[in-house]
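Undergrad: Structure: structure_21.tsv, TSV, C-alpha atoms.
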```
chain	number	residue	atom	x	y	z
A	1	MET	CA	-3.42	-85.87	-31.20
A	2	LYS	CA	-4.92	-88.58	-28.98
A	3	VAL	CA	-6.16	-91.85	-30.43
A	4	THR	CA	-8.07	-94.54	-28.55
A	5	VAL	CA	-8.25	-98.15	-29.70
A	6	VAL	CA	-10.94	-100.25	-28.01
A	7	GLY	CA	-10.07	-103.94	-28.08
A	8	ALA	CA	-6.53	-105.13	-27.34
A	9	GLY	CA	-6.74	-108.30	-29.41
A	10	ALA	CA	-4.66	-108.96	-32.50
A	11	VAL	CA	-6.41	-106.34	-34.66
A	12	GLY	CA	-6.48	-103.67	-31.97
A	13	ALA	CA	-2.84	-104.21	-31.02
A	14	SER	CA	-1.82	-104.02	-34.69
A	15	CYS	CA	-3.76	-100.75	-35.05
A	16	ALA	CA	-1.95	-99.29	-32.07
A	17	GLU	CA	1.45	-100.54	-33.29
A	18	TYR	CA	1.14	-99.08	-36.80
A	19	ILE	CA	-0.26	-95.77	-35.53
A	20	ALA	CA	2.60	-95.45	-33.03
A	21	MET	CA	5.26	-96.36	-35.58
A	22	LYS	CA	4.05	-93.66	-37.95
A	23	ASN	CA	4.78	-91.18	-35.13
A	24	PHE	CA	1.99	-88.65	-35.83
A	25	ALA	CA	-0.01	-89.18	-32.60
A	26	SER	CA	1.08	-87.90	-29.21
A	27	GLU	CA	-0.81	-90.62	-27.35
A	28	VAL	CA	-2.50	-93.94	-28.10
A	29	VAL	CA	-4.78	-95.46	-25.45
A	30	ILE	CA	-5.63	-99.16	-25.69
A	31	LEU	CA	-8.69	-100.33	-23.75
A	32	ASP	CA	-9.95	-103.87	-23.11
A	33	ILE	CA	-12.31	-105.63	-20.71
A	34	LYS	CA	-9.80	-108.39	-19.89
A	35	GLU	CA	-7.95	-107.53	-16.70
A	36	GLY	CA	-4.38	-106.37	-17.38
A	37	TYR	CA	-4.49	-107.30	-21.07
A	38	ALA	CA	-4.42	-103.77	-22.54
A	39	GLU	CA	-1.80	-102.73	-19.99
A	40	GLY	CA	0.41	-105.63	-21.04
A	41	LYS	CA	0.01	-104.92	-24.75
A	42	ALA	CA	0.80	-101.23	-24.16
A	43	MET	CA	3.91	-102.07	-22.15
A	44	ASP	CA	5.14	-104.50	-24.80
A	45	LEU	CA	4.60	-101.89	-27.53
A	46	MET	CA	6.32	-99.14	-25.51
A	47	GLN	CA	9.35	-101.39	-25.21
A	48	CYS	CA	9.52	-101.20	-29.03
A	49	ALA	CA	9.74	-97.39	-29.00
A	50	SER	CA	13.52	-97.05	-28.88
A	51	LEU	CA	13.94	-99.92	-31.33
A	52	ASN	CA	11.47	-98.54	-33.87
A	53	ALA	CA	12.23	-94.87	-33.25
A	54	PHE	CA	8.81	-93.54	-32.25
A	55	ASP	CA	7.85	-91.16	-29.46
A	56	THR	CA	4.11	-91.85	-29.29
A	57	LYS	CA	3.04	-92.62	-25.73
A	58	ILE	CA	1.03	-95.85	-25.49
A	59	THR	CA	-1.04	-96.58	-22.39
A	60	GLY	CA	-3.39	-99.43	-21.55
A	61	SER	CA	-6.50	-99.56	-19.41
A	62	THR	CA	-8.91	-102.24	-18.23
A	63	ASN	CA	-12.36	-100.88	-19.09
A	64	ASP	CA	-11.74	-97.38	-17.65
A	65	TYR	CA	-13.18	-95.05	-20.27
A	66	SER	CA	-12.10	-91.98	-18.33
A	67	LYS	CA	-8.60	-92.72	-19.67
A	68	THR	CA	-9.97	-92.18	-23.21
A	69	ALA	CA	-11.25	-88.65	-22.47
A	70	ASN	CA	-10.72	-86.02	-25.15
A	71	SER	CA	-9.66	-88.50	-27.82
A	72	ASP	CA	-9.57	-86.98	-31.29
A	73	ILE	CA	-10.15	-90.35	-32.96
A	74	CYS	CA	-11.53	-93.60	-31.50
A	75	VAL	CA	-11.23	-97.00	-33.16
A	76	ILE	CA	-13.66	-99.79	-32.24
A	77	THR	CA	-12.22	-103.27	-32.83
A	78	SER	CA	-13.96	-104.99	-29.92
A	79	GLY	CA	-16.23	-107.98	-30.38
A	80	ILE	CA	-15.81	-111.63	-31.23
A	81	PRO	CA	-13.68	-112.39	-34.31
A	82	ARG	CA	-14.62	-114.68	-37.16
A	83	LYS	CA	-13.90	-118.37	-36.90
A	84	PRO	CA	-13.55	-120.77	-39.85
A	85	GLY	CA	-16.90	-121.23	-41.59
A	86	MET	CA	-18.48	-118.11	-40.03
A	87	THR	CA	-19.76	-115.19	-42.04
A	88	ARG	CA	-19.33	-111.64	-40.80
A	89	GLU	CA	-23.12	-111.40	-40.53
A	90	GLU	CA	-23.25	-114.24	-38.00
A	91	LEU	CA	-21.42	-112.06	-35.48
A	92	ILE	CA	-24.23	-109.52	-35.24
A	93	GLY	CA	-26.01	-110.73	-32.08
A	94	ILE	CA	-23.03	-110.43	-29.75
A	95	ASN	CA	-21.13	-107.63	-31.46
A	96	ALA	CA	-24.10	-105.24	-31.71
A	97	GLY	CA	-24.43	-105.10	-27.93
A	98	ILE	CA	-20.69	-104.58	-27.53
A	99	VAL	CA	-20.41	-101.85	-30.16
A	100	LYS	CA	-23.46	-99.98	-28.82
A	101	SER	CA	-22.04	-99.95	-25.31
A	102	VAL	CA	-18.52	-99.04	-26.41
A	103	SER	CA	-19.57	-96.19	-28.71
A	104	SER	CA	-21.82	-94.71	-26.02
A	105	SER	CA	-18.98	-94.77	-23.48
A	106	LEU	CA	-16.52	-93.24	-25.92
A	107	VAL	CA	-18.82	-90.36	-26.87
A	108	GLN	CA	-19.58	-89.70	-23.20
A	109	HIS	CA	-15.90	-88.94	-22.58
A	110	SER	CA	-15.01	-87.56	-26.03
A	111	PRO	CA	-18.13	-85.85	-27.44
A	112	ASN	CA	-16.24	-84.39	-30.41
A	113	THR	CA	-14.40	-87.53	-31.41
A	114	ILE	CA	-14.35	-89.26	-34.79
A	115	ILE	CA	-15.19	-92.98	-34.59
A	116	ILE	CA	-13.76	-95.62	-36.92
A	117	VAL	CA	-15.65	-98.92	-36.78
A	118	VAL	CA	-13.79	-102.16	-37.46
A	119	SER	CA	-16.03	-104.69	-35.66
A	120	ASN	CA	-18.04	-107.03	-37.91
A	121	PRO	CA	-20.48	-107.02	-39.58
A	122	MET	CA	-18.79	-103.69	-40.21
A	123	ASP	CA	-21.36	-101.84	-42.34
A	124	THR	CA	-24.16	-102.74	-39.93
A	125	MET	CA	-22.05	-101.84	-36.89
A	126	THR	CA	-21.29	-98.47	-38.49
A	127	TYR	CA	-25.01	-97.93	-39.06
A	128	LEU	CA	-25.64	-98.88	-35.42
A	129	VAL	CA	-23.27	-96.15	-34.21
A	130	HIS	CA	-25.19	-93.64	-36.34
A	131	GLN	CA	-28.47	-94.77	-34.83
A	132	THR	CA	-27.36	-94.82	-31.19
A	133	THR	CA	-25.04	-91.78	-30.81
A	134	ASP	CA	-25.40	-88.05	-31.47
A	135	LEU	CA	-22.24	-87.79	-33.56
A	136	LEU	CA	-22.54	-86.03	-36.91
A	137	LYS	CA	-22.53	-88.35	-39.93
A	138	HIS	CA	-19.09	-87.27	-41.16
A	139	LYS	CA	-17.58	-88.36	-37.82
A	140	ILE	CA	-18.60	-92.04	-38.14
A	141	ILE	CA	-16.54	-94.17	-40.52
A	142	GLY	CA	-16.48	-97.87	-41.33
A	143	MET	CA	-13.06	-99.25	-42.20
A	144	GLY	CA	-13.82	-102.20	-44.54
A	145	GLY	CA	-13.24	-100.73	-48.00
A	146	ALA	CA	-9.67	-99.69	-47.25
A	147	LEU	CA	-8.81	-103.27	-46.29
A	148	ASP	CA	-10.72	-104.83	-49.19
A	149	SER	CA	-8.96	-102.50	-51.64
A	150	ALA	CA	-5.56	-103.51	-50.25
A	151	ARG	CA	-6.48	-107.16	-50.81
A	152	PHE	CA	-7.68	-106.33	-54.33
A	153	LYS	CA	-4.36	-104.64	-55.15
A	154	TYR	CA	-2.45	-107.60	-53.73
A	155	ARG	CA	-4.36	-109.99	-55.99
A	156	LEU	CA	-3.94	-107.72	-59.01
A	157	ALA	CA	-0.18	-107.45	-58.46
A	158	GLU	CA	-0.03	-111.24	-58.13
A	159	ALA	CA	-1.95	-111.76	-61.39
A	160	LEU	CA	0.12	-109.18	-63.27
A	161	ASP	CA	3.44	-110.27	-61.73
A	162	ALA	CA	3.95	-106.58	-61.02
A	163	PRO	CA	5.24	-104.56	-58.05
A	164	ILE	CA	2.44	-103.42	-55.78
A	165	SER	CA	3.54	-99.78	-56.20
A	166	ASP	CA	2.46	-100.01	-59.85
A	167	ILE	CA	-1.08	-101.05	-58.94
A	168	ASP	CA	-4.12	-98.96	-58.14
A	169	GLY	CA	-7.60	-100.30	-57.49
A	170	MET	CA	-10.62	-99.88	-55.27
A	171	VAL	CA	-13.36	-102.01	-53.74
A	172	ILE	CA	-16.72	-100.47	-52.87
A	173	GLY	CA	-19.95	-102.02	-51.56
A	174	GLY	CA	-20.57	-104.05	-48.45
A	175	HIS	CA	-17.71	-105.51	-46.41
A	176	SER	CA	-18.86	-109.10	-46.93
A	177	ASP	CA	-17.86	-112.03	-49.09
A	178	LYS	CA	-20.84	-111.47	-51.40
A	179	GLY	CA	-21.17	-107.71	-51.05
A	180	MET	CA	-17.78	-106.48	-52.23
A	181	VAL	CA	-17.63	-104.74	-55.61
A	182	PRO	CA	-14.04	-104.64	-56.93
A	183	LEU	CA	-13.97	-101.86	-59.52
A	184	THR	CA	-12.14	-103.54	-62.38
A	185	SER	CA	-13.25	-100.73	-64.69
A	186	HIS	CA	-10.98	-98.35	-62.72
A	187	ALA	CA	-8.13	-100.74	-61.77
A	188	THR	CA	-4.81	-99.74	-63.33
A	189	ARG	CA	-1.15	-100.58	-63.62
A	190	ASN	CA	0.70	-97.28	-63.74
A	191	SER	CA	-2.42	-95.54	-65.15
A	192	ILE	CA	-3.16	-98.23	-67.79
A	193	ASN	CA	-6.28	-100.32	-67.21
A	194	VAL	CA	-5.41	-103.82	-66.06
A	195	SER	CA	-7.62	-105.32	-68.77
A	196	GLU	CA	-4.79	-104.44	-71.18
A	197	PHE	CA	-2.52	-106.93	-69.41
A	198	ILE	CA	-4.64	-109.89	-68.32
A	199	SER	CA	-7.63	-111.77	-69.67
A	200	GLU	CA	-11.20	-111.21	-68.55
A	201	GLU	CA	-11.18	-114.72	-67.07
A	202	ARG	CA	-8.11	-113.97	-64.96
A	203	LEU	CA	-9.54	-110.63	-63.90
A	204	ASN	CA	-12.75	-112.32	-62.77
A	205	GLN	CA	-10.67	-114.74	-60.71
A	206	VAL	CA	-8.93	-111.77	-59.07
A	207	LYS	CA	-12.35	-110.35	-58.16
A	208	GLU	CA	-13.51	-113.63	-56.61
A	209	ASP	CA	-10.24	-114.10	-54.69
A	210	THR	CA	-10.61	-110.56	-53.35
A	211	LYS	CA	-14.14	-111.16	-52.12
A	212	VAL	CA	-13.14	-114.21	-50.08
A	213	GLY	CA	-9.88	-112.63	-48.90
A	214	GLY	CA	-10.98	-112.57	-45.27
A	215	ALA	CA	-12.50	-116.05	-45.35
A	216	THR	CA	-9.33	-117.45	-46.94
A	217	LEU	CA	-7.21	-116.06	-44.11
A	218	THR	CA	-9.69	-117.16	-41.45
A	219	LYS	CA	-9.47	-120.72	-42.77
A	220	LEU	CA	-5.66	-120.61	-42.76
A	221	LEU	CA	-5.23	-118.86	-39.42
A	222	GLY	CA	-8.22	-120.16	-37.50
A	223	THR	CA	-9.28	-116.58	-36.76
A	224	SER	CA	-9.51	-113.19	-38.46
A	225	ALA	CA	-6.46	-111.53	-40.00
A	226	TRP	CA	-4.82	-108.66	-38.13
A	227	TYR	CA	-1.78	-107.16	-39.89
A	228	ALA	CA	-3.65	-105.77	-42.93
A	229	PRO	CA	-6.71	-104.66	-40.91
A	230	GLY	CA	-4.39	-102.83	-38.50
A	231	ALA	CA	-2.52	-101.19	-41.37
A	232	ALA	CA	-5.80	-100.16	-43.03
A	233	VAL	CA	-7.01	-98.50	-39.83
A	234	SER	CA	-3.71	-96.70	-39.33
A	235	GLY	CA	-3.99	-95.30	-42.85
A	236	LEU	CA	-7.44	-93.87	-42.13
A	237	VAL	CA	-6.35	-92.48	-38.76
A	238	GLN	CA	-3.29	-90.80	-40.28
A	239	ALA	CA	-5.32	-89.28	-43.13
A	240	ILE	CA	-7.65	-87.71	-40.56
A	241	ALA	CA	-5.03	-86.72	-37.99
A	242	CYS	CA	-2.73	-85.15	-40.58
A	243	ASP	CA	-5.55	-83.63	-42.66
A	244	GLN	CA	-4.24	-85.39	-45.75
A	245	LYS	CA	-7.43	-85.20	-47.86
A	246	LYS	CA	-6.77	-88.74	-49.07
A	247	MET	CA	-9.36	-90.81	-50.90
A	248	PHE	CA	-10.35	-94.14	-49.38
A	249	PRO	CA	-13.41	-96.34	-49.86
A	250	CYS	CA	-15.11	-96.26	-46.46
A	251	SER	CA	-18.49	-97.23	-45.10
A	252	THR	CA	-20.50	-94.05	-44.67
A	253	LEU	CA	-24.15	-93.13	-44.22
A	254	LEU	CA	-25.67	-92.47	-47.65
A	255	GLU	CA	-28.55	-90.06	-48.19
A	256	GLY	CA	-29.19	-90.41	-51.91
A	257	GLU	CA	-25.62	-90.80	-53.13
A	258	TYR	CA	-25.25	-93.67	-55.61
A	259	GLY	CA	-29.05	-93.91	-55.50
A	260	LEU	CA	-28.91	-95.36	-51.97
A	261	SER	CA	-30.30	-94.12	-48.65
A	262	ASP	CA	-30.58	-95.09	-44.98
A	263	LEU	CA	-27.62	-97.45	-44.87
A	264	CYS	CA	-23.87	-97.41	-44.42
A	265	ILE	CA	-21.89	-98.96	-47.26
A	266	GLY	CA	-18.47	-98.57	-48.80
A	267	VAL	CA	-18.00	-95.73	-51.31
A	268	PRO	CA	-15.03	-93.46	-52.11
A	269	VAL	CA	-14.63	-90.59	-49.64
A	270	ILE	CA	-12.10	-87.86	-48.92
A	271	LEU	CA	-10.70	-88.08	-45.39
A	272	GLY	CA	-9.37	-85.04	-43.56
A	273	ARG	CA	-9.36	-83.39	-40.17
A	274	ASN	CA	-13.17	-83.33	-40.04
A	275	GLY	CA	-13.50	-87.03	-40.85
A	276	ILE	CA	-15.42	-87.68	-44.07
A	277	GLU	CA	-15.12	-84.37	-45.91
A	278	LYS	CA	-16.67	-85.45	-49.19
A	279	ILE	CA	-18.35	-88.45	-50.78
A	280	VAL	CA	-16.89	-88.95	-54.25
A	281	ASP	CA	-19.20	-89.93	-57.09
A	282	VAL	CA	-17.29	-92.16	-59.52
A	283	PRO	CA	-18.75	-93.55	-62.77
A	284	LEU	CA	-19.58	-97.25	-62.60
A	285	SER	CA	-20.20	-99.79	-65.31
A	286	ASP	CA	-23.71	-101.23	-65.57
A	287	ALA	CA	-22.49	-104.47	-63.98
A	288	GLU	CA	-20.87	-102.57	-61.09
A	289	LYS	CA	-24.05	-100.55	-60.52
A	290	ALA	CA	-26.08	-103.76	-60.38
A	291	HIS	CA	-23.62	-105.39	-57.98
A	292	LEU	CA	-23.64	-102.32	-55.72
A	293	ALA	CA	-27.46	-102.32	-55.60
A	294	GLU	CA	-27.42	-106.03	-54.76
A	295	SER	CA	-24.80	-105.43	-52.08
A	296	ALA	CA	-26.94	-102.67	-50.56
A	297	GLU	CA	-29.90	-105.03	-50.31
A	298	GLY	CA	-27.71	-107.49	-48.41
A	299	VAL	CA	-26.55	-104.77	-45.99
A	300	LYS	CA	-30.13	-103.61	-45.38
A	301	LYS	CA	-31.18	-107.19	-44.68
A	302	THR	CA	-28.46	-107.47	-42.03
A	303	ASN	CA	-29.41	-104.05	-40.61
A	304	GLY	CA	-32.90	-105.43	-40.14
A	305	LEU	CA	-31.52	-107.85	-37.55
A	306	LEU	CA	-30.53	-104.98	-35.26
A	307	ASP	CA	-32.55	-104.44	-32.11
A	308	LEU	CA	-32.66	-100.65	-32.22
```
For the structure just supplied, provide its representation as structure tokens.
TA:
Amino acid sequence: MKVTVVGAGAVGASCAEYIAMKNFASEVVILDIKEGYAEGKAMDLMQCASLNAFDTKITGSTNDYSKTANSDICVITSGIPRKPGMTREELIGINAGIVKSVSSSLVQHSPNTIIIVVSNPMDTMTYLVHQTTDLLKHKIIGMGGALDSARFKYRLAEALDAPISDIDGMVIGGHSDKGMVPLTSHATRNSINVSEFISEERLNQVKEDTKVGGATLTKLLGTSAWYAPGAAVSGLVQAIACDQKKMFPCSTLLEGEYGLSDLCIGVPVILGRNGIEKIVDVPLSDAEKAHLAESAEGVKKTNGLLDL
């Protein structure tokens, strides 16, 4: 199992670290355009191997895509990160060119790979990969929902004063501050709906805190978060590599599902060795349906800014 991570910044390095520590991949390749940067990150991570008891080989390369050849899974984190006050959508001009070039180079050397897109605006970048490569739709996955759901569960556990292992919840819709749709109708504490434990007002606050989870961290850190995004990616990669058939909300190309077409947006999917093996249709409340439709309009508006 060979995994490539393009972009050796904080998010990319965290992806590589968590994938290596889980010890299911034989090799992780980190690639970056900055001279020596990926090589340095790879060396630093390899010096953790004996300390963290993993045998995954990590190598770094400066923009040499031949080193990524025959990758089973490729992760695209490259592009400029968010700064305080920026929306994900404002990154589109620069990141679209980067993602288009990167995905083309990856597919050239690994024509059967599965691509996981992390670069923002994530839903639009995932759509771009669909439009500019020949990969089958089930082999192109946007990461956002897995991260947003982790942030939702964190906020729910905080509100309930409960251990995170008791909490289950999911966020669908666009990976944007306004586009996220936390599914409170399905959120539970040990199988009991969370509405049994907290007020509607508090639950609405959890939803709003979840939506601005990335912006909150960007304001505090001065740049995008990296630990949780890296962990989210590693979860998707492991589900695919180990054929786990796990359910995650991921950005995928819809062709009528949820009443939506010709866009990539976050919905529940089953991940296995073939990538997205099934799109799961879950019942939504009327409010959630309306929010998802509104989110889709926002994603399509951003897609319209692409120079395809």
Undergrad: A:Asp286: which residues within 12 Å, counting all atoms listed in the file, same-chain residues fewer than 5 positions away excluded, as a short mmCIF file (atom, residue, chain, number, x, y, z; two decimals) with C-alpha atoms, in the coordinates of the input?
TA:
```cif
data_model
loop_
_atom_site.label_atom_id
_atom_site.label_comp_id
_atom_site.auth_asym_id
_atom_site.auth_seq_id
_atom_site.Cartn_x
_atom_site.Cartn_y
_atom_site.Cartn_z
CA LEU A 183 -13.97 -101.86 -59.52
CA SER A 185 -13.25 -100.73 -64.69
CA HIS A 291 -23.62 -105.39 -57.98
CA LEU A 292 -23.64 -102.32 -55.72
CA ALA A 293 -27.46 -102.32 -55.60
#
```
Undergrad: If I wrap all listed atoms of stretch 11-30 of chain A in a box with edges along x, y and z and add 8 Å on each side, what are its centre and edge lengths in Å to one decimal, as AutoDock Vina command-line options?
TA:
```
--center_x -0.6 --center_y -97.1 --center_z -31.7 --size_x 27.7 --size_y 34.4 --size_z 28.5
```
Undergrad: Restricting the calculation to all atoms listed in the file: of A:Lys22, A:Lys83, A:Arg151, A:Lys41, which residue gets closest to A:Ala53?
TA: A:Lys22
Undergrad: As a VMD selection string, please: the residues near stretch 61-76 of chain A (cut-off 8 Å, all atoms listed in the file, same-chain neighbours under 4 positions excluded).
TA: chain A and resid 1 to 7 29 to 39 99 102 to 103 105 to 106 109 to 119 237
Undergrad: Using all atoms listed in the file, which residue out of A:Thr87, A:Met43, A:Thr56, A:Pro121 lies closest to A:Ala25?
TA: A:Thr56
Undergrad: Quick one: everything within 7 Å of A:Leu147, counting all atoms listed in the file, minus sequence neighbours fewer than 4 positions away in the same chain. Send it as a PyMOL selection string.
TA: chain A and resi 151+228-229+232
Undergrad: What does the distance between atom CA of A:Asp168 and atom CA of A:Thr188 come to in Å, to one decimal place?
TA: 5.3 Å
Undergrad: Pick from A:Asn52, A:Ile80, A:Val282, A:Ile140: nearest to A:Gly9, with all atoms listed in the file counted?
TA: A:Ile80
Undergrad: Do you know which residues lie at most 10 Å from (-0.4, -97.6, -55.1), with coordinates as in the file and all atoms listed in the file counted, and could you write them as number ranges by chain?
TA: A: 150, 153, 163-169, 188-190
Undergrad: Convert the current residue selection to file output with C-alpha atoms, as a CSV table (one decimal), keeping the file's coordinate frame.
TA:
```csv
chain,number,residue,atom,x,y,z
A,150,ALA,CA,-5.6,-103.5,-50.2
A,153,LYS,CA,-4.4,-104.6,-55.2
A,163,PRO,CA,5.2,-104.6,-58.0
A,164,ILE,CA,2.4,-103.4,-55.8
A,165,SER,CA,3.5,-99.8,-56.2
A,166,ASP,CA,2.5,-100.0,-59.8
A,167,ILE,CA,-1.1,-101.0,-58.9
A,168,ASP,CA,-4.1,-99.0,-58.1
A,169,GLY,CA,-7.6,-100.3,-57.5
A,188,THR,CA,-4.8,-99.7,-63.3
A,189,ARG,CA,-1.2,-100.6,-63.6
A,190,ASN,CA,0.7,-97.3,-63.7
```
Undergrad: Please provide as a list in words all residues within 10 Å of A:Met180, with the sequence filter that same-chain residues fewer than 4 positions apart are discarded (counting all atoms listed in the file).
TA: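 Surrounding residues, per the criterion: Gly144, Gly145, Asp148, Ser149, Val171, Ile172, Gly173, Gly174, His175, Ser176, Lys207, Glu208, Thr210, Lys211, Val212, Ile265, Gly266, His291, Leu292, Glu294 and Ser295 of chain A.
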Undergrad: As a list of chain:residue names, please: the residues near A:Pro84 (cut-off 10 Å, all atoms listed in the file, same-chain neighbours under 6 positions excluded).
TA: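 Counting all atoms listed in the file, the residues come to A:Ala215, A:Thr216, A:Leu217, A:Thr218, A:Lys219, A:Leu220, A:Leu221, A:Gly222, A:Thr223, A:Ser224.
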Undergrad: Separation of atom CA of A:Leu135 and atom CA of A:Gln108, in Å?
TA: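 Taking atom CA of A:Leu135 and atom CA of A:Gln108, their separation equals 10.9 Å.
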Undergrad: Please determine, counting all atoms listed in the file, which residue among A:Val267, A:Ala241, A:Ile92, A:Gly213 has the shortest atom-to-atom distance to A:Asn23.
TA: A:Ala241
Undergrad: Do you have the atom CA of A:Ala231-atom CA of A:Glu257 distance handy?
TA: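 Here the two named atoms are 27.9 Å from each other.
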